[in-house]
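Trainee: My structure is in target06.txt, and what it holds is compact mmCIF, C-alpha atoms and all ligand atoms:
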# COMPACT_ATOMS: atom_id res chain seq x y z
CA MET A 226 120.03 112.65 79.09
CA ASN A 227 116.75 113.69 80.68
CA LEU A 228 114.55 110.68 81.19
CA ILE A 229 111.06 109.99 82.52
CA LEU A 230 110.16 106.55 83.89
CA LEU A 231 106.44 105.87 83.59
CA GLY A 232 104.57 102.83 84.80
CA ALA A 233 101.98 101.53 87.22
CA PRO A 234 102.71 101.23 90.94
CA GLY A 235 105.14 98.34 91.29
CA ALA A 236 106.12 98.33 87.61
CA GLY A 237 109.76 98.69 88.64
CA LYS A 238 110.44 102.40 88.14
CA GLY A 239 112.47 102.76 91.33
CA THR A 240 114.39 99.52 90.72
CA GLN A 241 115.33 100.56 87.18
CA ALA A 242 116.13 104.14 88.25
CA GLU A 243 118.71 102.80 90.72
CA LEU A 244 120.38 100.75 87.97
CA ILE A 245 120.43 103.68 85.55
CA VAL A 246 121.94 105.93 88.23
CA GLU A 247 124.76 103.39 88.63
CA LYS A 248 125.30 103.11 84.88
CA LEU A 249 124.98 106.75 83.78
CA GLY A 250 125.88 108.64 86.95
CA ILE A 251 122.90 110.98 86.70
CA PRO A 252 120.59 111.50 89.69
CA SER A 253 117.18 109.95 90.09
CA ILE A 254 114.40 112.23 91.25
CA SER A 255 111.66 110.17 92.87
CA THR A 256 108.77 112.31 94.05
CA GLY A 257 107.50 109.36 96.11
CA ASN A 258 110.84 109.09 97.95
CA MET A 259 111.03 112.87 98.44
CA LEU A 260 107.52 112.99 99.89
CA ARG A 261 108.17 110.01 102.18
CA GLU A 262 111.31 111.73 103.44
CA ALA A 263 109.32 114.91 104.11
CA MET A 264 106.82 112.84 106.13
CA ARG A 265 109.62 111.18 108.11
CA ASN A 266 111.12 114.58 108.90
CA GLY A 267 107.74 115.98 109.89
CA THR A 268 108.07 119.03 107.59
CA ASP A 269 105.08 121.16 106.54
CA LEU A 270 105.13 119.43 103.16
CA GLY A 271 105.19 116.04 104.90
CA LYS A 272 102.14 116.97 106.96
CA GLN A 273 100.29 118.26 103.89
CA VAL A 274 100.82 115.08 101.85
CA LYS A 275 100.41 112.37 104.50
CA GLN A 276 96.74 111.64 104.01
CA TYR A 277 97.00 111.45 100.21
CA MET A 278 99.96 109.10 100.37
CA ASP A 279 98.53 106.84 103.05
CA GLU A 280 95.36 106.30 101.03
CA GLY A 281 97.21 105.97 97.70
CA SER A 282 95.72 109.09 96.10
CA LEU A 283 97.64 111.69 94.14
CA VAL A 284 99.16 114.65 95.94
CA PRO A 285 97.96 118.00 94.45
CA ASP A 286 99.88 119.04 91.34
CA GLU A 287 101.09 122.38 92.73
CA LEU A 288 102.92 120.70 95.64
CA ILE A 289 104.64 118.29 93.24
CA LEU A 290 105.63 120.92 90.71
CA GLY A 291 107.23 123.07 93.40
CA ILE A 292 109.57 120.33 94.60
CA VAL A 293 110.42 119.06 91.11
CA ALA A 294 111.21 122.48 89.63
CA GLU A 295 113.53 123.18 92.55
CA ARG A 296 115.25 119.79 92.28
CA VAL A 297 115.95 119.79 88.51
CA ALA A 298 117.51 123.26 88.84
CA GLN A 299 120.26 121.91 91.11
CA PRO A 300 123.80 121.58 89.70
CA ASP A 301 123.92 117.76 89.84
CA CYS A 302 121.11 117.67 87.25
CA ALA A 303 123.09 119.65 84.67
CA ASN A 304 124.15 116.50 82.76
CA GLY A 305 120.80 114.78 83.03
CA PHE A 306 118.30 113.29 85.44
CA ILE A 307 115.75 110.53 85.79
CA LEU A 308 112.21 111.43 86.81
CA ASP A 309 110.71 108.45 88.69
CA GLY A 310 107.00 108.81 89.37
CA VAL A 311 106.61 112.28 87.95
CA PRO A 312 104.83 113.61 85.94
CA ARG A 313 101.76 111.69 86.96
CA THR A 314 98.96 113.84 85.50
CA LEU A 315 98.51 115.71 82.24
CA ALA A 316 98.68 118.97 84.18
CA GLN A 317 102.10 118.00 85.61
CA ALA A 318 103.43 117.06 82.15
CA GLU A 319 102.18 120.29 80.61
CA ALA A 320 103.64 122.33 83.47
CA LEU A 321 107.08 120.74 83.00
CA ASP A 322 106.92 121.60 79.30
CA ALA A 323 105.80 125.15 80.11
CA LYS A 324 108.72 125.56 82.52
CA GLY A 325 111.11 124.51 79.74
CA VAL A 326 112.20 121.27 81.43
CA ARG A 327 113.61 119.35 78.42
CA ILE A 328 112.75 115.64 78.21
CA ASP A 329 114.62 113.32 75.82
CA HIS A 330 112.99 109.93 76.39
CA VAL A 331 109.91 108.66 78.20
CA VAL A 332 110.18 104.97 79.08
CA SER A 333 106.97 103.24 80.10
CA ILE A 334 107.46 99.91 81.88
CA GLU A 335 104.39 97.83 81.00
CA VAL A 336 103.26 95.34 83.64
CA ASP A 337 99.85 93.67 83.93
CA ASP A 338 97.84 94.59 87.01
CA SER A 339 97.64 90.88 87.89
CA VAL A 340 101.44 90.75 88.40
CA ILE A 341 101.59 93.84 90.59
CA GLU A 342 100.13 92.34 93.76
CA GLY A 343 102.89 89.71 94.09
CA ARG A 344 105.51 92.35 93.62
CA MET A 345 104.04 94.58 96.28
CA THR A 346 103.57 91.91 98.93
CA GLY A 347 107.27 90.97 98.56
CA ARG A 348 108.59 94.51 98.42
CA ARG A 349 110.82 95.93 101.13
CA VAL A 350 112.13 99.50 100.97
CA CYS A 351 115.01 101.18 102.74
CA SER A 352 113.71 103.45 105.49
CA ASN A 353 116.76 105.68 104.96
CA CYS A 354 117.46 106.00 101.19
CA GLY A 355 114.24 104.57 99.69
CA ALA A 356 115.98 101.80 97.69
CA SER A 357 113.57 99.04 96.65
CA TYR A 358 114.04 95.28 97.19
CA HIS A 359 111.96 92.15 96.81
CA VAL A 360 112.21 89.15 99.11
CA VAL A 361 112.48 86.80 96.11
CA ALA A 362 113.20 88.73 92.89
CA ASN A 363 115.72 91.20 94.31
CA ALA A 364 116.75 90.19 97.81
CA PRO A 365 119.23 92.31 99.78
CA LYS A 366 122.58 90.71 100.63
CA THR A 367 121.64 90.69 104.33
CA GLU A 368 117.98 90.20 105.23
CA GLY A 369 116.37 93.42 106.41
CA VAL A 370 119.40 95.62 105.62
CA CYS A 371 119.89 97.98 102.64
CA ASP A 372 122.89 97.04 100.44
CA LEU A 373 123.50 100.69 99.60
CA CYS A 374 123.36 102.49 102.95
CA GLN A 375 122.81 99.79 105.61
CA GLY A 376 119.44 101.38 106.50
CA SER A 377 116.72 99.07 107.79
CA LEU A 378 114.20 97.66 105.32
CA ILE A 379 110.51 98.19 105.96
CA ILE A 380 107.15 97.53 104.30
CA ARG A 381 105.58 100.63 102.78
CA LYS A 382 102.27 101.56 104.38
CA ASP A 383 100.64 102.05 100.96
CA ASP A 384 101.56 98.49 99.90
CA ALA A 385 98.53 97.07 101.74
CA PRO A 386 96.51 95.15 99.08
CA GLU A 387 93.43 97.44 99.19
CA THR A 388 95.63 100.54 98.88
CA VAL A 389 97.53 98.97 95.97
CA ARG A 390 94.21 98.36 94.20
CA HIS A 391 93.31 102.03 94.65
CA ARG A 392 96.74 103.13 93.39
CA LEU A 393 96.25 101.01 90.26
CA GLU A 394 92.86 102.66 89.65
CA VAL A 395 94.46 106.08 90.05
CA TYR A 396 97.20 105.09 87.59
CA HIS A 397 94.71 104.00 84.94
CA ALA A 398 92.48 107.05 85.49
CA SER A 399 95.09 109.82 85.68
CA THR A 400 98.57 108.73 84.61
CA GLU A 401 98.20 106.29 81.72
CA VAL A 402 97.06 109.14 79.45
CA LEU A 403 100.65 110.45 79.57
CA LYS A 404 101.69 107.66 77.21
CA GLN A 405 99.54 109.26 74.54
CA TYR A 406 100.86 112.72 75.40
CA TYR A 407 104.52 111.72 75.00
CA ASN A 408 103.82 109.46 72.04
CA GLN A 409 102.54 112.53 70.21
CA GLN A 410 105.86 114.20 71.03
CA GLY A 411 107.72 111.17 69.59
CA LYS A 412 109.39 110.44 72.94
CA LEU A 413 107.56 107.34 74.19
CA ARG A 414 109.44 104.02 74.44
CA LEU A 415 107.42 101.00 75.64
CA ILE A 416 109.23 98.25 77.56
CA GLU A 417 107.74 94.84 78.35
CA GLY A 418 107.89 94.75 82.16
CA ASN A 419 107.00 91.08 82.68
CA GLN A 420 110.67 90.09 82.47
CA ASP A 421 113.54 89.86 84.93
CA ILE A 422 115.09 93.07 86.25
CA GLN A 423 118.33 92.82 84.25
CA SER A 424 116.60 92.14 80.91
CA ILE A 425 114.40 95.17 81.42
CA ASN A 426 117.42 97.27 82.25
CA ASP A 427 119.25 96.13 79.09
CA GLN A 428 116.24 97.09 76.98
CA ILE A 429 115.88 100.49 78.62
CA LEU A 430 119.55 101.29 78.04
CA THR A 431 119.17 100.20 74.41
CA VAL A 432 116.10 102.33 73.67
CA ILE A 433 117.65 105.44 75.24
CA GLY A 434 120.87 104.87 73.30
CA ALA A 435 123.01 104.27 76.39
CA LYS A 436 123.92 100.61 75.94
CA ALA A 437 127.70 100.26 75.81
P1 LIG B 501 105.61 106.37 94.35
O1 LIG B 501 106.56 106.17 95.45
O2 LIG B 501 106.06 106.97 93.09
O3 LIG B 501 104.89 104.99 94.08
P2 LIG B 501 104.31 104.29 92.76
O4 LIG B 501 104.30 105.03 91.50
O5 LIG B 501 103.00 103.79 93.20
O6 LIG B 501 105.34 103.25 92.42
P3 LIG B 501 106.11 102.31 93.38
O7 LIG B 501 107.23 103.04 94.03
O8 LIG B 501 105.11 101.63 94.27
O9 LIG B 501 106.62 101.22 92.36
P4 LIG B 501 107.89 101.22 91.41
O10 LIG B 501 107.42 101.30 90.00
O11 LIG B 501 108.92 102.20 91.85
O12 LIG B 501 108.37 99.75 91.64
P5 LIG B 501 109.65 99.15 92.42
O13 LIG B 501 110.88 99.38 91.61
O14 LIG B 501 109.66 99.57 93.83
O15 LIG B 501 104.37 107.25 94.88
C1 LIG B 501 103.78 106.99 96.13
C2 LIG B 501 102.73 108.04 96.42
O16 LIG B 501 103.32 109.34 96.43
C3 LIG B 501 101.59 108.16 95.41
O17 LIG B 501 100.56 107.24 95.67
C4 LIG B 501 101.15 109.61 95.63
O18 LIG B 501 100.39 109.72 96.81
C5 LIG B 501 102.47 110.32 95.88
N1 LIG B 501 103.09 110.83 94.65
C6 LIG B 501 104.36 110.54 94.20
N2 LIG B 501 104.62 111.18 93.06
C7 LIG B 501 103.52 111.92 92.78
C8 LIG B 501 103.20 112.79 91.71
N3 LIG B 501 104.05 113.05 90.71
N4 LIG B 501 101.97 113.37 91.72
C9 LIG B 501 101.09 113.14 92.72
N5 LIG B 501 101.34 112.32 93.76
C10 LIG B 501 102.55 111.70 93.80
O19 LIG B 501 109.30 97.59 92.31
C11 LIG B 501 108.19 97.04 93.02
C12 LIG B 501 108.58 95.68 93.58
O20 LIG B 501 108.78 94.76 92.51
C13 LIG B 501 109.90 95.67 94.37
O21 LIG B 501 109.80 94.73 95.39
C14 LIG B 501 110.94 95.22 93.32
O22 LIG B 501 112.06 94.60 93.89
C15 LIG B 501 110.13 94.26 92.48
N6 LIG B 501 110.51 94.22 91.07
C16 LIG B 501 110.90 95.28 90.29
N7 LIG B 501 111.13 94.88 89.02
C17 LIG B 501 110.86 93.53 89.00
C18 LIG B 501 110.90 92.54 87.97
N8 LIG B 501 111.26 92.84 86.71
N9 LIG B 501 110.58 91.27 88.29
C19 LIG B 501 110.20 90.94 89.58
N10 LIG B 501 110.13 91.84 90.60
C20 LIG B 501 110.47 93.12 90.31
MG MG B 502 109.05 103.63 93.38
In structure tokens, what does this structure look like?
Ligand code: AP5
Ligand code: MG
Mentor:
Amino acid sequence: MNLILLGAPGAGKGTQAELIVEKLGIPSISTGNMLREAMRNGTDLGKQVKQYMDEGSLVPDELILGIVAERVAQPDCANGFILDGVPRTLAQAEALDAKGVRIDHVVSIEVDDSVIEGRMTGRRVCSNCGASYHVVANAPKTEGVCDLCQGSLIIRKDDAPETVRHRLEVYHASTEVLKQYYNQQGKLRLIEGNQDIQSINDQILTVIGAKA
């Protein structure tokens, strides 16, 4: 089961990826989380991507494709994987196809831009594992502490309202076109994202044929 999660910033890709990982036992590959980790560790990659990420612009395709190709080739991806936040441009999608990375389903979580701001202002993410929470819609068991790894929860720098607005523009300009691309391949599944987290998860599992 090789799955892509598409959707605007704050649509719930990371939240749903975590639930699918739990259900199907396949890894989630979040380019955003990988890049944030590289920044935290001060690697060359981290230094190269910092400015793009801080301002909410896309990181150049060649940097993304390098880390994704390497990651999907690892043994834990043999039975499937979830791509969260990648591909994000037509060039990335075409490159994955050219590399022979098989994709079974592309799930696009559809959320109106007007809903996104509330989600982002309430979001807290784990500084250690990247897990996503919301102070109201998906609160951690203990305030400020990750349920999964006990890491401390922080506010993402790119969740500032003006940066979120830019990220939404980037999504509409560069990423939304992927829906058409995968629709032509017969792989696109649209999910109404203005629902609670569990209902969305049930629908995703149904459309990918994984509902027990
Ligand atoms: P990335 O980390 O991928 O960010 P994003 O796509 O902007 O998406 P988010 O992580 O902000 O949102 P999400 O959809 O995961 O939502 P979440 O589940 O957290 O990318 C960051 C940056 O990295 C980019 O700007 C770019 O610079 C770079 N980058 C990464 N990949 C790249 C690529 N392939 N190419 C180029 N550059 C790349 O949910 C949001 C909030 O809402 C949470 O608080 C959550 O609890 C809450 N929530 C979730 N679902 C619901 C619901 N149903 N109801 C109510 N609240 C909900
Ligand atoms: Mg995310």
Trainee: Go through A:Gly305, A:Gly310, A:Gly257, A:Gly281 and flag the residue nearest Cys354 (chain A), using only C-alpha atoms for the distances.
Mentor: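 Selected residue with least distance to Cys354 (chain A): A:Gly257.
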Trainee: With all atoms listed in the file counted, collect every polymer residue having an atom within 9 Å of ligand MG 502 (chain B); state the result as a PDB file with C-alpha atoms, in the coordinates of the input.
Mentor:
ATOM      1  CA  PRO A 234     102.710 101.230  90.940  1.00  0.00           C
ATOM      2  CA  GLY A 235     105.140  98.340  91.290  1.00  0.00           C
ATOM      3  CA  ALA A 236     106.120  98.330  87.610  1.00  0.00           C
ATOM      4  CA  GLY A 237     109.760  98.690  88.640  1.00  0.00           C
ATOM      5  CA  LYS A 238     110.440 102.400  88.140  1.00  0.00           C
ATOM      6  CA  GLY A 239     112.470 102.760  91.330  1.00  0.00           C
ATOM      7  CA  THR A 240     114.390  99.520  90.720  1.00  0.00           C
ATOM      8  CA  ALA A 242     116.130 104.140  88.250  1.00  0.00           C
ATOM      9  CA  SER A 255     111.660 110.170  92.870  1.00  0.00           C
ATOM     10  CA  THR A 256     108.770 112.310  94.050  1.00  0.00           C
ATOM     11  CA  GLY A 257     107.500 109.360  96.110  1.00  0.00           C
ATOM     12  CA  ASN A 258     110.840 109.090  97.950  1.00  0.00           C
ATOM     13  CA  ASP A 309     110.710 108.450  88.690  1.00  0.00           C
ATOM     14  CA  GLY A 310     107.000 108.810  89.370  1.00  0.00           C
ATOM     15  CA  GLY A 355     114.240 104.570  99.690  1.00  0.00           C
ATOM     16  CA  ALA A 356     115.980 101.800  97.690  1.00  0.00           C
ATOM     17  CA  SER A 357     113.570  99.040  96.650  1.00  0.00           C
TER      18      SER A 357
END
Trainee: Nearest residue to Gln423 (chain A) out of A:Leu403, A:Asn363, A:Val246, A:Asp383, using only C-alpha atoms?
Mentor: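 Smallest separation from Gln423 (chain A) among the options: A:Asn363.
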Trainee: For a test of reading the model, state the distance in Å between CA of Ile433 (chain A) and CA of Met226 (chain A), rounded to one decimal.
Mentor: 8.5 Å
Trainee: Closest to Lys382 (chain A) among A:Val331, A:Met278, A:Leu315, A:Ala303, using all atoms listed in the file?
Mentor: A:Met278
Trainee: Of the candidates A:Cys351, A:Leu413, A:Lys248, A:Thr400, which shows the shortest atom-to-atom distance to Gly376 (chain A), using all atoms listed in the file?
Mentor: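 Closest candidate: A:Cys351.
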Trainee: So which one's closest to ligand LIG 501 (chain B), A:Leu228, A:Leu378, A:Ile251, A:Cys302? Using all atoms listed in the file, please.
Mentor: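 Checking each candidate against ligand LIG 501 (chain B), we get A:Leu378 as the closest.
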Trainee: Give me, please, the distance in Å between CA of Tyr406 (chain A) and CA of Leu231 (chain A), quoted to one decimal.
Mentor: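 Separation between CA of Tyr406 (chain A) and CA of Leu231 (chain A): 12.0 Å.
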Trainee: In terms of the shortest atom-to-atom distance over all atoms listed in the file, which of A:Ser339, A:Ile429, A:Asp286, A:Arg261 is closest to Leu393 (chain A)?
Mentor: A:Ser339
Trainee: Adding 4 Å on each side of the box along x, y and z that holds all listed atoms of ligand LIG 501 (chain B), could you give its centre and edge lengths in Å to one decimal, as AutoDock Vina command-line options?
Mentor:
--center_x 106.2 --center_y 102.2 --center_z 91.8 --size_x 19.7 --size_y 30.4 --size_z 18.1
Trainee: Mind checking which residues fall within 9 Å of Asp337 (chain A), counting all atoms listed in the file, ignoring those fewer than 5 positions away in the same chain, and posting them as a ChimeraX atom specification?
Mentor: /A:233,236,418-419
Trainee: To one decimal in Å, tell me the separation between CA of Ile425 (chain A) and CA of Ser352 (chain A).
Mentor: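 The value is 25.5 Å.
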Trainee: Please provide the set of residues having any atom within 12 Å of Lys275 (chain A), restricted to all atoms listed in the file, with same-chain residues fewer than 4 positions apart removed, written as a PyMOL selection string.
Mentor: chain A and resi 257+260-271+279-285+382-383
Trainee: Do you know which residues lie at most 12 Å from (118.5, 121.7, 87.7), with coordinates as in the file and all atoms listed in the file counted, and could you write them as a list in words?
Mentor: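 Residues with an atom at most 12 Å from (118.5, 121.7, 87.7): Asn227, Ile251, Pro252, Ile254, Ile292, Val293, Ala294, Glu295, Arg296, Val297, Ala298, Gln299, Pro300, Asp301, Cys302, Ala303, Asn304, Gly305, Phe306, Ile307, Lys324, Gly325, Val326 and Arg327 of chain A.
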Trainee: Do a neighbour search on Pro386 (chain A) at 9 Å with only C-alpha atoms, toss out local chain neighbours closer than 4 positions, and write the hits as a short mmCIF file (atom, residue, chain, number, x, y, z; two decimals) with C-alpha atoms, in the coordinates of the input.
Mentor:
data_model
loop_
_atom_site.label_atom_id
_atom_site.label_comp_id
_atom_site.auth_asym_id
_atom_site.auth_seq_id
_atom_site.Cartn_x
_atom_site.Cartn_y
_atom_site.Cartn_z
CA GLU A 342 100.13 92.34 93.76
CA MET A 345 104.04 94.58 96.28
CA THR A 346 103.57 91.91 98.93
CA ARG A 390 94.21 98.36 94.20
CA HIS A 391 93.31 102.03 94.65
#
Trainee: Could you model N, CA, C and O atoms for region 293-307 of chain A and present them as a PDB file, in the coordinates of the input?
Mentor:
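Listed below is the output, result_15.pdb:
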ATOM      1  N   VAL A 293     109.684 119.554  92.282  1.00  0.00           N
ATOM      2  CA  VAL A 293     110.420 119.060  91.110  1.00  0.00           C
ATOM      3  C   VAL A 293     111.186 120.195  90.425  1.00  0.00           C
ATOM      4  O   VAL A 293     112.364 120.039  90.073  1.00  0.00           O
ATOM      5  N   ALA A 294     110.543 121.350  90.286  1.00  0.00           N
ATOM      6  CA  ALA A 294     111.210 122.480  89.630  1.00  0.00           C
ATOM      7  C   ALA A 294     112.478 122.852  90.401  1.00  0.00           C
ATOM      8  O   ALA A 294     113.538 123.109  89.809  1.00  0.00           O
ATOM      9  N   GLU A 295     112.375 122.834  91.714  1.00  0.00           N
ATOM     10  CA  GLU A 295     113.530 123.180  92.550  1.00  0.00           C
ATOM     11  C   GLU A 295     114.648 122.142  92.387  1.00  0.00           C
ATOM     12  O   GLU A 295     115.818 122.475  92.273  1.00  0.00           O
ATOM     13  N   ARG A 296     114.259 120.872  92.331  1.00  0.00           N
ATOM     14  CA  ARG A 296     115.250 119.790  92.280  1.00  0.00           C
ATOM     15  C   ARG A 296     115.998 119.751  90.942  1.00  0.00           C
ATOM     16  O   ARG A 296     117.209 119.595  90.907  1.00  0.00           O
ATOM     17  N   VAL A 297     115.263 119.906  89.820  1.00  0.00           N
ATOM     18  CA  VAL A 297     115.950 119.790  88.510  1.00  0.00           C
ATOM     19  C   VAL A 297     116.859 120.991  88.250  1.00  0.00           C
ATOM     20  O   VAL A 297     117.734 120.933  87.389  1.00  0.00           O
ATOM     21  N   ALA A 298     116.668 122.075  89.024  1.00  0.00           N
ATOM     22  CA  ALA A 298     117.510 123.260  88.840  1.00  0.00           C
ATOM     23  C   ALA A 298     118.850 123.113  89.563  1.00  0.00           C
ATOM     24  O   ALA A 298     119.747 123.946  89.405  1.00  0.00           O
ATOM     25  N   GLN A 299     119.014 122.045  90.354  1.00  0.00           N
ATOM     26  CA  GLN A 299     120.260 121.910  91.110  1.00  0.00           C
ATOM     27  C   GLN A 299     121.407 121.433  90.205  1.00  0.00           C
ATOM     28  O   GLN A 299     121.185 120.785  89.192  1.00  0.00           O
ATOM     29  N   PRO A 300     122.652 121.818  90.578  1.00  0.00           N
ATOM     30  CA  PRO A 300     123.800 121.580  89.700  1.00  0.00           C
ATOM     31  C   PRO A 300     123.999 120.122  89.299  1.00  0.00           C
ATOM     32  O   PRO A 300     124.437 119.849  88.175  1.00  0.00           O
ATOM     33  N   ASP A 301     123.664 119.175  90.182  1.00  0.00           N
ATOM     34  CA  ASP A 301     123.920 117.760  89.840  1.00  0.00           C
ATOM     35  C   ASP A 301     122.995 117.263  88.730  1.00  0.00           C
ATOM     36  O   ASP A 301     123.184 116.161  88.217  1.00  0.00           O
ATOM     37  N   CYS A 302     122.007 118.067  88.340  1.00  0.00           N
ATOM     38  CA  CYS A 302     121.110 117.670  87.250  1.00  0.00           C
ATOM     39  C   CYS A 302     121.558 118.234  85.902  1.00  0.00           C
ATOM     40  O   CYS A 302     120.893 117.991  84.886  1.00  0.00           O
ATOM     41  N   ALA A 303     122.664 118.957  85.896  1.00  0.00           N
ATOM     42  CA  ALA A 303     123.090 119.650  84.670  1.00  0.00           C
ATOM     43  C   ALA A 303     123.357 118.675  83.517  1.00  0.00           C
ATOM     44  O   ALA A 303     123.119 119.003  82.354  1.00  0.00           O
ATOM     45  N   ASN A 304     123.848 117.463  83.833  1.00  0.00           N
ATOM     46  CA  ASN A 304     124.150 116.500  82.760  1.00  0.00           C
ATOM     47  C   ASN A 304     123.038 115.492  82.542  1.00  0.00           C
ATOM     48  O   ASN A 304     123.206 114.533  81.797  1.00  0.00           O
ATOM     49  N   GLY A 305     121.933 115.690  83.221  1.00  0.00           N
ATOM     50  CA  GLY A 305     120.800 114.780  83.030  1.00  0.00           C
ATOM     51  C   GLY A 305     120.200 114.345  84.338  1.00  0.00           C
ATOM     52  O   GLY A 305     120.790 114.535  85.408  1.00  0.00           O
ATOM     53  N   PHE A 306     119.008 113.771  84.245  1.00  0.00           N
ATOM     54  CA  PHE A 306     118.300 113.290  85.440  1.00  0.00           C
ATOM     55  C   PHE A 306     117.253 112.278  85.009  1.00  0.00           C
ATOM     56  O   PHE A 306     116.869 112.209  83.840  1.00  0.00           O
ATOM     57  N   ILE A 307     116.825 111.500  86.004  1.00  0.00           N
ATOM     58  CA  ILE A 307     115.750 110.530  85.790  1.00  0.00           C
ATOM     59  C   ILE A 307     114.562 110.963  86.639  1.00  0.00           C
ATOM     60  O   ILE A 307     114.729 111.138  87.853  1.00  0.00           O
TER      61      ILE A 307
END
